[in-house]
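Chemist: File entry.tsv follows (TSV, C-alpha atoms):
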```tsv
chain	number	residue	atom	x	y	z
O	1188	MET	CA	29.79	26.66	35.16
O	1189	ILE	CA	26.54	28.48	34.35
O	1190	ILE	CA	26.79	27.87	30.60
O	1191	ARG	CA	27.06	24.13	31.21
O	1192	TRP	CA	23.76	24.16	33.12
O	1193	ILE	CA	22.04	26.41	30.58
O	1194	VAL	CA	22.98	24.19	27.63
O	1195	GLY	CA	22.24	20.96	29.50
O	1196	LEU	CA	18.82	22.10	30.72
O	1197	LEU	CA	17.87	23.40	27.25
O	1198	PHE	CA	18.67	20.02	25.69
O	1199	ILE	CA	16.77	18.17	28.42
O	1200	PHE	CA	13.79	20.51	28.09
O	1201	SER	CA	13.74	20.26	24.30
O	1202	GLY	CA	14.09	16.48	24.41
O	1203	LEU	CA	11.37	15.98	27.04
O	1204	ILE	CA	8.87	18.02	25.02
O	1205	LYS	CA	9.42	15.63	22.12
O	1206	VAL	CA	9.50	12.58	24.42
O	1207	ASN	CA	5.91	13.53	25.26
O	1208	ASP	CA	4.98	13.14	21.58
O	1209	PRO	CA	7.51	11.06	19.57
O	1210	LEU	CA	4.96	10.56	16.78
O	1211	GLY	CA	4.93	14.32	16.22
O	1212	LEU	CA	8.70	14.28	15.66
O	1213	SER	CA	8.41	11.26	13.36
O	1214	TYR	CA	5.84	13.12	11.23
O	1215	LYS	CA	8.20	16.09	11.02
O	1216	MET	CA	11.01	13.75	9.93
O	1217	GLN	CA	8.74	12.38	7.23
O	1218	GLU	CA	8.14	15.93	6.02
O	1219	PHE	CA	11.89	16.42	5.58
O	1220	PHE	CA	12.23	13.01	3.88
O	1221	GLU	CA	9.45	13.88	1.42
O	1222	VAL	CA	11.05	17.22	0.58
O	1223	TRP	CA	14.45	15.58	0.11
O	1224	GLY	CA	12.94	12.90	-2.12
O	1225	ILE	CA	13.78	9.96	0.18
O	1226	PRO	CA	10.32	8.77	1.37
O	1227	PHE	CA	11.83	5.29	1.79
O	1228	PHE	CA	12.95	6.37	5.27
O	1229	ASN	CA	9.41	7.18	6.39
O	1230	LYS	CA	8.91	3.69	7.78
O	1231	TYR	CA	11.91	4.17	10.05
O	1232	SER	CA	10.94	7.64	11.26
O	1233	LEU	CA	9.30	6.59	14.54
O	1234	GLY	CA	12.27	4.50	15.65
O	1235	MET	CA	14.60	7.32	14.66
O	1236	ALA	CA	12.47	9.81	16.61
O	1237	VAL	CA	12.54	7.66	19.77
O	1238	ILE	CA	16.34	7.30	19.56
O	1239	MET	CA	16.84	10.99	18.78
O	1240	ASN	CA	14.79	12.02	21.82
O	1241	MET	CA	16.79	9.69	24.07
O	1242	PHE	CA	20.03	11.03	22.62
O	1243	GLU	CA	19.01	14.65	23.17
O	1244	VAL	CA	17.93	14.15	26.79
O	1245	GLY	CA	20.90	11.88	27.49
O	1246	CYS	CA	23.41	14.43	26.22
O	1247	GLY	CA	21.81	17.16	28.34
O	1248	VAL	CA	21.93	15.01	31.48
O	1249	ALA	CA	25.49	13.88	30.74
O	1250	LEU	CA	26.64	17.48	30.36
O	1251	ILE	CA	25.14	18.59	33.67
O	1252	ILE	CA	26.50	15.66	35.71
O	1253	GLY	CA	29.87	15.79	33.93
O	1254	PHE	CA	29.74	12.29	32.46
O	1255	ARG	CA	32.79	11.78	30.20
O	1256	ILE	CA	32.70	15.48	29.50
O	1257	LYS	CA	35.05	15.45	26.50
O	1258	LEU	CA	32.94	12.87	24.66
O	1259	THR	CA	29.68	14.53	25.73
O	1260	ILE	CA	30.71	17.94	24.40
O	1261	ARG	CA	31.78	16.38	21.09
O	1262	LEU	CA	28.42	14.64	20.78
O	1263	LEU	CA	26.59	17.87	21.65
O	1264	LEU	CA	28.62	19.70	19.03
O	1265	LEU	CA	27.68	17.13	16.37
O	1266	LEU	CA	24.05	17.27	17.48
O	1267	ILE	CA	23.78	21.06	17.36
O	1268	ILE	CA	25.53	21.19	13.97
O	1269	PHE	CA	22.94	18.73	12.67
O	1270	PHE	CA	20.07	20.72	14.21
O	1271	THR	CA	21.48	23.98	12.81
O	1272	PHE	CA	21.63	22.43	9.35
O	1273	LEU	CA	17.97	21.35	9.61
O	1274	THR	CA	16.71	24.69	10.88
O	1275	GLY	CA	18.87	26.58	8.38
O	1276	TYR	CA	17.49	24.44	5.58
O	1277	ALA	CA	13.93	25.07	6.75
O	1278	LEU	CA	14.58	28.81	6.90
O	1279	LEU	CA	16.46	29.25	3.61
O	1280	SER	CA	14.55	26.77	1.45
O	1281	GLY	CA	11.05	27.79	2.54
O	1282	LYS	CA	9.95	24.17	2.06
O	1283	ILE	CA	9.40	23.44	5.76
O	1284	LYS	CA	7.03	25.74	7.66
O	1285	THR	CA	8.17	24.71	11.14
O	1286	CYS	CA	11.12	22.57	12.19
O	1287	GLY	CA	9.42	20.89	15.15
O	1288	CYS	CA	12.40	21.62	17.41
O	1289	LEU	CA	10.18	22.12	20.46
O	1290	GLY	CA	7.25	20.06	19.25
O	1291	ASP	CA	3.68	21.33	19.02
O	1292	CYS	CA	3.74	22.70	22.57
O	1293	LEU	CA	6.16	25.50	21.74
O	1294	PRO	CA	6.05	26.03	17.96
O	1295	LEU	CA	8.89	28.16	16.63
O	1296	THR	CA	9.29	29.76	13.23
O	1297	PRO	CA	12.29	28.59	11.17
O	1298	ALA	CA	14.00	31.92	11.89
O	1299	MET	CA	13.54	31.54	15.65
O	1300	SER	CA	14.73	27.92	15.56
O	1301	PHE	CA	17.79	28.79	13.49
O	1302	GLY	CA	18.68	31.66	15.83
O	1303	LYS	CA	18.30	29.39	18.87
O	1304	ASP	CA	20.59	26.77	17.35
O	1305	LEU	CA	23.23	29.32	16.41
O	1306	ALA	CA	23.24	30.61	19.99
O	1307	LEU	CA	23.58	27.05	21.33
O	1308	LEU	CA	26.37	26.37	18.85
O	1309	VAL	CA	28.34	29.34	20.23
O	1310	LEU	CA	27.76	28.20	23.83
O	1311	ILE	CA	28.84	24.62	23.07
O	1312	LEU	CA	31.98	25.87	21.33
O	1313	PHE	CA	32.71	27.88	24.48
O	1314	LEU	CA	32.28	24.70	26.55
O	1315	ALA	CA	34.64	22.85	24.21
O	1316	ILE	CA	37.33	25.47	24.80
O	1317	PHE	CA	36.99	25.37	28.60
O	1318	GLN	CA	35.99	21.72	28.99
O	1319	LYS	CA	38.75	21.07	31.55
O	1320	GLU	CA	36.87	23.25	34.02
O	1321	ALA	CA	33.73	21.05	33.80
O	1322	LEU	CA	34.22	18.66	36.71
O	1323	PRO	CA	31.90	15.69	37.40
O	1324	LEU	CA	29.12	16.31	39.90
O	1325	PHE	CA	29.22	12.76	41.30
O	1326	SER	CA	31.42	9.70	41.30
O	1327	HIS	CA	31.78	7.71	38.09
O	1328	PHE	CA	29.43	5.01	39.44
O	1329	ILE	CA	26.70	7.52	40.42
O	1330	ASN	CA	27.03	9.32	37.08
O	1331	ASN	CA	26.49	6.02	35.26
O	1332	ILE	CA	23.37	5.30	37.32
O	1333	VAL	CA	21.91	8.79	36.74
O	1334	LEU	CA	22.47	8.57	32.99
O	1335	MET	CA	21.04	5.05	32.68
O	1336	VAL	CA	17.96	5.97	34.73
O	1337	SER	CA	17.43	9.05	32.52
O	1338	LEU	CA	17.60	7.00	29.33
O	1339	ALA	CA	15.35	4.29	30.77
O	1340	ALA	CA	12.82	6.96	31.75
O	1341	CYS	CA	12.82	8.26	28.17
O	1342	VAL	CA	12.11	4.77	26.84
O	1343	PHE	CA	9.34	4.19	29.38
O	1344	ILE	CA	7.61	7.53	28.82
O	1345	GLN	CA	7.67	7.17	25.04
O	1346	ASP	CA	6.26	3.65	25.27
O	1347	VAL	CA	3.41	4.93	27.45
O	1348	VAL	CA	2.48	7.88	25.23
O	1349	LEU	CA	2.64	5.78	22.07
O	1350	ASN	CA	0.08	3.42	23.60
O	1351	TYR	CA	-2.03	5.75	25.74
O	1352	LEU	CA	-1.71	9.28	24.20
O	1353	PRO	CA	0.66	12.09	25.25
O	1354	PHE	CA	0.57	13.27	28.87
O	1355	ILE	CA	0.35	16.88	27.71
O	1356	ASP	CA	-1.84	17.44	24.66
O	1357	CYS	CA	-0.75	20.55	22.75
O	1358	LEU	CA	-2.76	19.81	19.61
O	1359	PRO	CA	-5.94	21.66	18.56
O	1360	PHE	CA	-7.85	18.38	19.02
O	1361	LYS	CA	-7.29	18.33	22.79
O	1362	VAL	CA	-9.97	17.82	25.41
O	1363	GLY	CA	-12.11	20.91	25.96
O	1364	ASN	CA	-11.57	22.39	22.51
O	1365	ASN	CA	-14.49	23.25	20.25
O	1366	LEU	CA	-13.63	22.10	16.73
O	1367	ILE	CA	-15.75	24.78	15.06
O	1368	GLU	CA	-13.84	27.48	16.93
O	1369	GLN	CA	-10.51	25.85	16.07
O	1370	MET	CA	-11.50	25.84	12.38
O	1371	GLN	CA	-12.20	29.59	12.29
O	1372	LYS	CA	-9.60	32.03	10.97
O	1373	PRO	CA	-8.67	35.15	12.99
O	1374	LYS	CA	-10.19	38.43	11.82
O	1375	ASP	CA	-6.77	39.80	10.82
O	1376	TYR	CA	-5.80	36.59	9.03
O	1377	ILE	CA	-3.35	36.90	6.14
O	1378	PRO	CA	-2.56	33.60	4.36
O	1379	ASP	CA	0.95	32.37	3.65
O	1380	SER	CA	2.19	33.22	0.21
O	1381	THR	CA	3.29	29.99	-1.43
O	1382	VAL	CA	4.13	28.74	-4.89
O	1383	ILE	CA	3.62	25.19	-6.15
O	1384	THR	CA	7.08	23.80	-6.87
O	1385	TYR	CA	7.74	20.67	-8.89
O	1386	ARG	CA	10.66	18.29	-8.59
O	1387	TYR	CA	11.68	16.37	-11.72
O	1388	LYS	CA	14.61	14.14	-12.48
O	1389	LYS	CA	16.48	14.36	-15.77
O	1390	GLY	CA	19.32	11.93	-16.16
O	1391	ASN	CA	21.33	12.08	-12.93
O	1392	LYS	CA	20.10	15.56	-11.99
O	1393	THR	CA	17.12	16.50	-9.83
O	1394	LEU	CA	15.60	19.84	-10.84
O	1395	GLU	CA	13.06	22.08	-9.11
O	1396	PHE	CA	10.90	24.75	-10.74
O	1397	ASP	CA	7.50	26.34	-10.31
O	1398	GLN	CA	4.62	26.30	-12.78
O	1399	ASN	CA	5.76	29.57	-14.38
O	1400	HIS	CA	9.35	28.48	-14.99
O	1401	PHE	CA	9.24	25.12	-16.71
O	1402	PRO	CA	12.48	24.41	-18.65
O	1403	ASP	CA	12.37	25.30	-22.34
O	1404	ASP	CA	13.41	21.76	-23.24
O	1405	PHE	CA	10.79	20.11	-21.01
O	1406	ASP	CA	9.84	16.74	-22.54
O	1407	SER	CA	9.40	13.08	-21.68
O	1408	ASN	CA	13.02	12.91	-20.51
O	1409	TYR	CA	11.92	14.75	-17.37
O	1410	VAL	CA	10.63	12.21	-14.82
O	1411	TYR	CA	8.21	13.52	-12.21
O	1412	VAL	CA	9.35	13.03	-8.60
O	1413	SER	CA	7.12	15.14	-6.35
O	1414	ARG	CA	5.54	18.54	-5.76
O	1415	PHE	CA	5.37	20.79	-2.71
O	1416	ASP	CA	4.26	24.26	-1.65
O	1417	LYS	CA	7.29	26.51	-1.24
O	1418	LEU	CA	6.80	29.32	1.26
O	1419	ILE	CA	7.47	32.74	-0.26
O	1420	ARG	CA	6.11	35.01	2.46
O	1421	LYS	CA	4.88	34.04	5.91
O	1422	GLY	CA	1.36	35.19	6.72
O	1423	THR	CA	-0.34	35.62	10.07
O	1424	GLY	CA	-1.61	32.64	12.01
O	1425	GLY	CA	-4.55	30.96	10.32
O	1426	ALA	CA	-7.07	28.46	11.60
O	1427	LYS	CA	-5.59	25.89	13.96
O	1428	ILE	CA	-7.56	23.12	12.26
O	1429	THR	CA	-7.77	22.95	8.48
O	1430	ASP	CA	-9.17	20.38	6.08
O	1431	PHE	CA	-11.28	18.70	8.77
O	1432	THR	CA	-14.15	17.24	6.80
O	1433	LEU	CA	-16.14	14.11	7.58
O	1434	THR	CA	-17.86	12.47	4.65
O	1435	THR	CA	-20.02	9.42	4.21
O	1436	THR	CA	-18.81	6.52	2.08
O	1437	SER	CA	-20.90	7.97	-0.75
O	1438	GLY	CA	-18.97	11.25	-0.51
O	1439	ASN	CA	-21.54	13.48	1.24
O	1440	ASP	CA	-20.16	16.03	3.72
O	1441	THR	CA	-21.67	15.23	7.11
O	1442	THR	CA	-19.42	17.37	9.32
O	1443	GLN	CA	-22.01	19.95	10.35
O	1444	ALA	CA	-24.67	17.27	10.78
O	1445	LEU	CA	-22.45	15.54	13.34
O	1446	PHE	CA	-21.66	18.81	15.10
O	1447	ALA	CA	-25.41	19.25	15.56
O	1448	LEU	CA	-25.61	16.05	17.62
O	1449	PRO	CA	-25.63	16.57	21.41
O	1450	LYS	CA	-23.59	13.44	22.07
O	1451	TYR	CA	-21.70	10.91	19.97
O	1452	VAL	CA	-18.42	9.02	19.76
O	1453	LEU	CA	-15.82	9.33	16.99
O	1454	VAL	CA	-13.26	6.55	16.60
O	1455	MET	CA	-10.39	7.90	14.50
O	1456	ASP	CA	-8.16	5.37	12.83
O	1457	ASN	CA	-5.93	5.29	9.75
O	1458	TYR	CA	-5.27	1.57	9.55
O	1459	TYR	CA	-6.04	-1.72	11.25
O	1460	HIS	CA	-3.75	-2.91	14.01
O	1461	THR	CA	-1.33	-5.81	13.94
O	1462	ASN	CA	-3.06	-6.83	17.18
O	1463	PHE	CA	-6.36	-6.84	15.34
O	1464	ASN	CA	-8.38	-9.03	17.71
O	1465	GLU	CA	-7.77	-6.84	20.78
O	1466	TRP	CA	-8.54	-3.68	18.79
O	1467	PHE	CA	-11.71	-5.08	17.21
O	1468	ASP	CA	-12.98	-6.59	20.47
O	1469	ASN	CA	-12.63	-3.21	22.17
O	1470	LEU	CA	-14.41	-1.48	19.29
O	1471	GLN	CA	-17.29	-3.96	19.50
O	1472	LYS	CA	-17.58	-3.55	23.28
O	1473	VAL	CA	-17.73	0.23	23.00
O	1474	LYS	CA	-20.17	0.07	20.08
O	1475	ASN	CA	-22.55	-2.18	22.04
O	1476	PHE	CA	-22.25	-0.02	25.15
O	1477	CYS	CA	-22.93	3.13	23.11
O	1478	THR	CA	-25.97	1.50	21.52
O	1479	SER	CA	-27.39	0.55	24.93
O	1480	ASN	CA	-26.99	4.19	26.02
O	1481	ASN	CA	-28.45	5.65	22.80
O	1482	ILE	CA	-25.16	7.26	21.81
O	1483	PRO	CA	-24.19	6.96	18.12
O	1484	LEU	CA	-20.68	5.78	17.30
O	1485	PHE	CA	-18.88	6.59	14.04
O	1486	TYR	CA	-15.69	5.00	12.77
O	1487	VAL	CA	-13.57	7.67	11.04
O	1488	THR	CA	-10.85	6.43	8.70
O	1489	SER	CA	-8.87	7.32	5.60
O	1490	GLN	CA	-9.01	3.75	4.32
O	1491	SER	CA	-10.93	2.84	1.21
O	1492	TYR	CA	-14.46	1.59	1.71
O	1493	ASP	CA	-13.39	-1.93	0.72
O	1494	GLU	CA	-10.86	-1.99	3.57
O	1495	ALA	CA	-13.42	-0.76	6.08
O	1496	ASN	CA	-16.31	-2.83	4.69
O	1497	MET	CA	-15.85	-5.49	7.35
O	1498	LEU	CA	-16.86	-2.96	10.01
O	1499	ALA	CA	-19.98	-1.97	8.11
O	1500	ALA	CA	-21.07	-5.61	8.27
O	1501	HIS	CA	-21.07	-5.21	12.06
O	1502	HIS	CA	-23.39	-2.18	11.85
O	1503	ILE	CA	-20.61	0.34	12.49
O	1504	ILE	CA	-21.13	3.59	10.59
O	1505	ILE	CA	-18.06	4.49	8.55
O	1506	LEU	CA	-16.99	8.07	7.81
O	1507	LYS	CA	-14.04	9.18	5.71
O	1508	CYS	CA	-11.46	11.82	6.63
O	1509	ASP	CA	-8.07	12.95	5.36
O	1510	ALA	CA	-5.19	10.78	6.63
O	1511	THR	CA	-3.08	13.77	7.70
O	1512	VAL	CA	-5.96	15.19	9.75
O	1513	ILE	CA	-6.42	11.84	11.51
O	1514	LYS	CA	-2.68	11.61	12.25
O	1515	THR	CA	-2.85	15.06	13.84
O	1516	ALA	CA	-5.98	14.37	15.85
O	1517	ALA	CA	-5.26	10.78	16.89
O	1518	ARG	CA	-1.75	10.19	18.20
O	1519	VAL	CA	-2.77	6.60	18.96
O	1520	ASN	CA	-4.32	4.45	16.31
O	1521	SER	CA	-7.15	4.36	17.22
O	1522	THR	CA	-8.31	7.23	19.45
O	1523	TYR	CA	-11.82	7.61	20.85
O	1524	PHE	CA	-13.33	11.11	20.96
O	1525	LEU	CA	-16.43	11.52	23.13
O	1526	MET	CA	-18.20	14.57	21.77
O	1527	ASN	CA	-20.79	17.16	22.78
O	1528	HIS	CA	-21.69	18.89	19.49
O	1529	ALA	CA	-18.27	20.14	18.28
O	1530	THR	CA	-16.63	20.04	21.72
O	1531	ILE	CA	-14.30	17.24	22.78
O	1532	LEU	CA	-15.36	16.10	26.27
O	1533	TYR	CA	-13.10	13.05	26.60
O	1534	LYS	CA	-10.31	11.53	24.56
O	1535	TYR	CA	-8.82	8.06	25.08
O	1536	SER	CA	-6.58	5.46	23.48
O	1537	TYR	CA	-8.36	2.27	22.38
O	1538	LYS	CA	-6.31	0.47	25.05
O	1539	ASN	CA	-8.03	2.47	27.80
O	1540	ILE	CA	-11.20	0.41	27.39
O	1541	ASN	CA	-12.36	0.96	31.00
O	1542	LYS	CA	-11.90	4.73	30.77
O	1543	ILE	CA	-13.76	4.76	27.45
O	1544	MET	CA	-16.68	2.91	29.03
O	1545	ASP	CA	-16.69	5.28	32.00
O	1546	GLY	CA	-16.58	8.25	29.63
O	1547	VAL	CA	-19.54	6.93	27.62
O	1548	LYS	CA	-21.48	6.43	30.86
O	1549	LEU	CA	-20.69	10.00	31.93
O	1550	LEU	CA	-21.72	11.23	28.50
O	1551	ALA	CA	-25.01	9.36	28.79
O	1552	ASP	CA	-25.63	10.68	32.33
O	1553	LYS	CA	-25.11	14.24	31.09
O	1554	GLN	CA	-27.75	13.80	28.44
O	1555	GLU	CA	-30.32	15.92	30.19
O	1556	ASN	CA	-27.82	18.71	30.79
O	1557	ILE	CA	-26.40	18.89	27.26
O	1558	ASN	CA	-28.15	21.30	24.90
```
Go through the file and emit its structure as structure tokens.

Modeler:
Amino acid sequence: MIIRWIVGLLFIFSGLIKVNDPLGLSYKMQEFFEVWGIPFFNKYSLGMAVIMNMFEVGCGVALIIGFRIKLTIRLLLLLIIFFTFLTGYALLSGKIKTCGCLGDCLPLTPAMSFGKDLALLVLILFLAIFQKEALPLFSHFINNIVLMVSLAACVFIQDVVLNYLPFIDCLPFKVGNNLIEQMQKPKDYIPDSTVITYRYKKGNKTLEFDQNHFPDDFDSNYVYVSRFDKLIRKGTGGAKITDFTLTTTSGNDTTQALFALPKYVLVMDNYYHTNFNEWFDNLQKVKNFCTSNNIPLFYVTSQSYDEANMLAAHHIIILKCDATVIKTAARVNSTYFLMNHATILYKYSYKNINKIMDGVKLLADKQENIN
């Protein structure tokens, strides 16, 4: 049945895109949790993202091979209803700019995502009606093996990318990109039209209103919960990188000064690792190797100066940057960027210590050729 293959391949394709970058999905989950006022779930978002990706790919594989087809179609129906709710909420509420359905590699507007999910919902309902015609491709034993291998592959791939960066980098901070160019707005740029919306709790009710429509009885009985920018009208695409500013610990903007350097290394990190000794040893090795090759190294973090002060004692220059920007740029905490002016020449996880060293050596060897 053609529809069975179409639906199955779409779920596999969608799941694999997110398997390549489970952190991206976890950040999108956190965005929904913040909007819904349940930030408590943020700490579980990565685990939920990993499981969701496995579930999506697994259901797609199970549908194609005909594994317990009745159960598989029911699970797919529940999954697409859930996805349709999310994309519909993003579209109708205007609180979520993109749903993250196909990750950063294939960004869709809420309207496109909602339309896609509605179409899939119709196709899955069709499969539910004619499920008796969906015969298994292989024996029960072979089907079990195929499904287990698929799920194991999802676990393995996600473990690798969480430790060593995504295989396919679809972010504006990918190798080869010039950050200055990524920070520029198109000539025909029209910004999104948004309104600052506040969420307050009064008694057992949670209320939302913008700055021009505060309740007439607004008083201390209203307890502030959060605020967000509600999308009113979608503009044209803006700069791919926004809010990228590097400052010294004293607060001076040093972004352009760094971009003027012909070669340097940025280590982007939001927090110290649980495996601190391995992380710090690698940082020290790279710092010493950079020093011997006359290449400056800067540690970029969102932590307070007190938290990063230990590094300053080891003669590591500390720069500050917004935490969200670092999360976007560095999918592994920490990520090493080997730079030529504003261009990213190499990008590695801190665990790839040998590749980092080789990259620094290549950067040093190119010194005479870099303007």

Chemist: Provide the CA of Leu1453 (chain O) to CA of Tyr1214 (chain O) distance in Å, to one decimal place.

Modeler: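 Rounded to one decimal, the two atoms are 22.7 Å apart.
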
Chemist: Taking only residues of region 1198-1288 of chain O that have an atom at most 10 Å from an atom of region 1400-1422 of chain O, what is each one's shortest atom pair and its distance in Å to one decimal, using all atoms listed in the file, in chain and number order, as a tab-separated table?

Modeler:
```
residue	atom	partner	partner_atom	distance
O:Glu1221	CA	O:Ser1413	CA	8.2
O:Val1222	CA	O:Phe1415	CA	7.5
O:Trp1223	CA	O:Ser1413	CA	9.8
O:Gly1224	CA	O:Val1412	CA	7.4
O:Ala1277	CA	O:Leu1418	CA	10.0
O:Leu1278	CA	O:Leu1418	CA	9.6
O:Leu1279	CA	O:Leu1418	CA	9.9
O:Ser1280	CA	O:Lys1417	CA	7.7
O:Gly1281	CA	O:Leu1418	CA	4.7
O:Lys1282	CA	O:Lys1417	CA	4.8
O:Ile1283	CA	O:Leu1418	CA	7.8
O:Lys1284	CA	O:Leu1418	CA	7.3
```

Chemist: With only C-alpha atoms as the counted atoms, please give the residues lying no more than 9 Å from Ile1367 (chain O), apart from itself and same-chain residues fewer than 3 positions off, as a compact mmCIF listing (two decimals) with C-alpha atoms, in the coordinates of the input.

Modeler:
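Saved to out09.txt:
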```
# COMPACT_ATOMS: atom_id res chain seq x y z
CA ASN O 1364 -11.57 22.39 22.51
CA MET O 1370 -11.50 25.84 12.38
CA GLN O 1371 -12.20 29.59 12.29
CA ILE O 1428 -7.56 23.12 12.26
CA PHE O 1446 -21.66 18.81 15.10
CA ALA O 1529 -18.27 20.14 18.28
CA THR O 1530 -16.63 20.04 21.72
```

Chemist: Select, counting all atoms listed in the file, all protein, DNA and RNA residues no farther than 12 Å from (-2.0, 8.6, 27.0) in file coordinates, and express the selection as a PyMOL selection string.

Modeler: chain O and resi 1207-1208+1344-1356+1361+1517-1523+1533-1539+1542

Chemist: Suppose you want the space between CA of Phe1343 (chain O) and CA of Ile1251 (chain O); what is it in Å?

Modeler: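 Atom-to-atom, CA of Phe1343 (chain O) and CA of Ile1251 (chain O) are spaced 21.8 Å apart.
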
Chemist: Please, what distance in Å, to one decimal, runs between CA of Tyr1458 (chain O) and CA of Ile1204 (chain O)?

Modeler: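 If I compute the distance from CA of Tyr1458 (chain O) to CA of Ile1204 (chain O), I get 26.6 Å.
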
Chemist: I want to know what sits within 8 Å of Leu1308 (chain O), based on all atoms listed in the file, with residues of the same chain fewer than 2 positions away left out; could you give that as a list in words?

Modeler: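 So, after excluding close chain neighbours, the residues are Leu1264, Ile1267, Ile1268, Asp1304, Leu1305, Ala1306, Leu1310, Ile1311 and Leu1312 of chain O.
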
Chemist: Compile the contact shell of region 1234-1245 of chain O as a ChimeraX atom specification: residues with an atom at most 7 Å away, counting only C-alpha atoms, same-chain residues fewer than 2 positions apart removed.

Modeler: /O:1198-1199,1202-1203,1205-1206,1209,1212-1213,1231-1232,1247-1249,1334,1337-1338,1341

Chemist: Considering all atoms listed in the file, state which residue in the set O:Pro1226, O:Thr1436, O:Phe1301, O:Ala1315 is at the smallest distance from Phe1269 (chain O).

Modeler: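 Ranked by minimum distance to Phe1269 (chain O), first place goes to O:Phe1301.
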
Chemist: Of the residues O:Leu1445, O:Val1452, O:Leu1262, O:Leu1366, which is the one nearest to Ala1426 (chain O), using all atoms listed in the file?

Modeler: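 The shortest atom-to-atom distance to Ala1426 (chain O) comes from O:Leu1366.
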
Chemist: Residues around (-21.3, 3.9, 13.3), cut-off 10 Å, counting only C-alpha atoms - what are they as an mmCIF file with C-alpha atoms, in the frame of the given file?

Modeler:
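The resulting result-v4.cif:
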```cif
data_model
loop_
_atom_site.group_PDB
_atom_site.id
_atom_site.type_symbol
_atom_site.label_atom_id
_atom_site.label_comp_id
_atom_site.auth_asym_id
_atom_site.auth_seq_id
_atom_site.Cartn_x
_atom_site.Cartn_y
_atom_site.Cartn_z
ATOM 1 C CA TYR O 1451 -21.700 10.910 19.970
ATOM 2 C CA VAL O 1452 -18.420 9.020 19.760
ATOM 3 C CA LEU O 1453 -15.820 9.330 16.990
ATOM 4 C CA VAL O 1454 -13.260 6.550 16.600
ATOM 5 C CA LYS O 1474 -20.170 0.070 20.080
ATOM 6 C CA CYS O 1477 -22.930 3.130 23.110
ATOM 7 C CA THR O 1478 -25.970 1.500 21.520
ATOM 8 C CA ILE O 1482 -25.160 7.260 21.810
ATOM 9 C CA PRO O 1483 -24.190 6.960 18.120
ATOM 10 C CA LEU O 1484 -20.680 5.780 17.300
ATOM 11 C CA PHE O 1485 -18.880 6.590 14.040
ATOM 12 C CA TYR O 1486 -15.690 5.000 12.770
ATOM 13 C CA VAL O 1487 -13.570 7.670 11.040
ATOM 14 C CA LEU O 1498 -16.860 -2.960 10.010
ATOM 15 C CA ALA O 1499 -19.980 -1.970 8.110
ATOM 16 C CA HIS O 1501 -21.070 -5.210 12.060
ATOM 17 C CA HIS O 1502 -23.390 -2.180 11.850
ATOM 18 C CA ILE O 1503 -20.610 0.340 12.490
ATOM 19 C CA ILE O 1504 -21.130 3.590 10.590
ATOM 20 C CA ILE O 1505 -18.060 4.490 8.550
ATOM 21 C CA LEU O 1506 -16.990 8.070 7.810
#
```

Chemist: Rank O:Val1473, O:Pro1378, O:Cys1508, O:Arg1255 by their smallest atom-to-atom distance to Thr1441 (chain O), using all atoms listed in the file, and report the top residue only.

Modeler: O:Cys1508

Chemist: Taking 3 positions as the minimum chain separation for residues in the same chain, which residues sit within 12 Å of Leu1324 (chain O) when counting all atoms listed in the file? Answer as a list in words.

Modeler: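 Contacts, with the query itself left out: Met1188, Arg1191, Trp1192, Val1248, Ala1249, Leu1250, Ile1251, Ile1252, Gly1253, Phe1254, Arg1255, Ile1256, Glu1320, Ala1321, His1327, Phe1328, Ile1329, Asn1330, Asn1331 and Val1333 of chain O.
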
Chemist: So which residues touch Asn1399 (chain O) within 12 Å, counting only C-alpha atoms, skipping near sequence neighbours fewer than 4 positions away, as a VMD selection string?

Modeler: chain O and resid 1382 to 1385 1395 1403
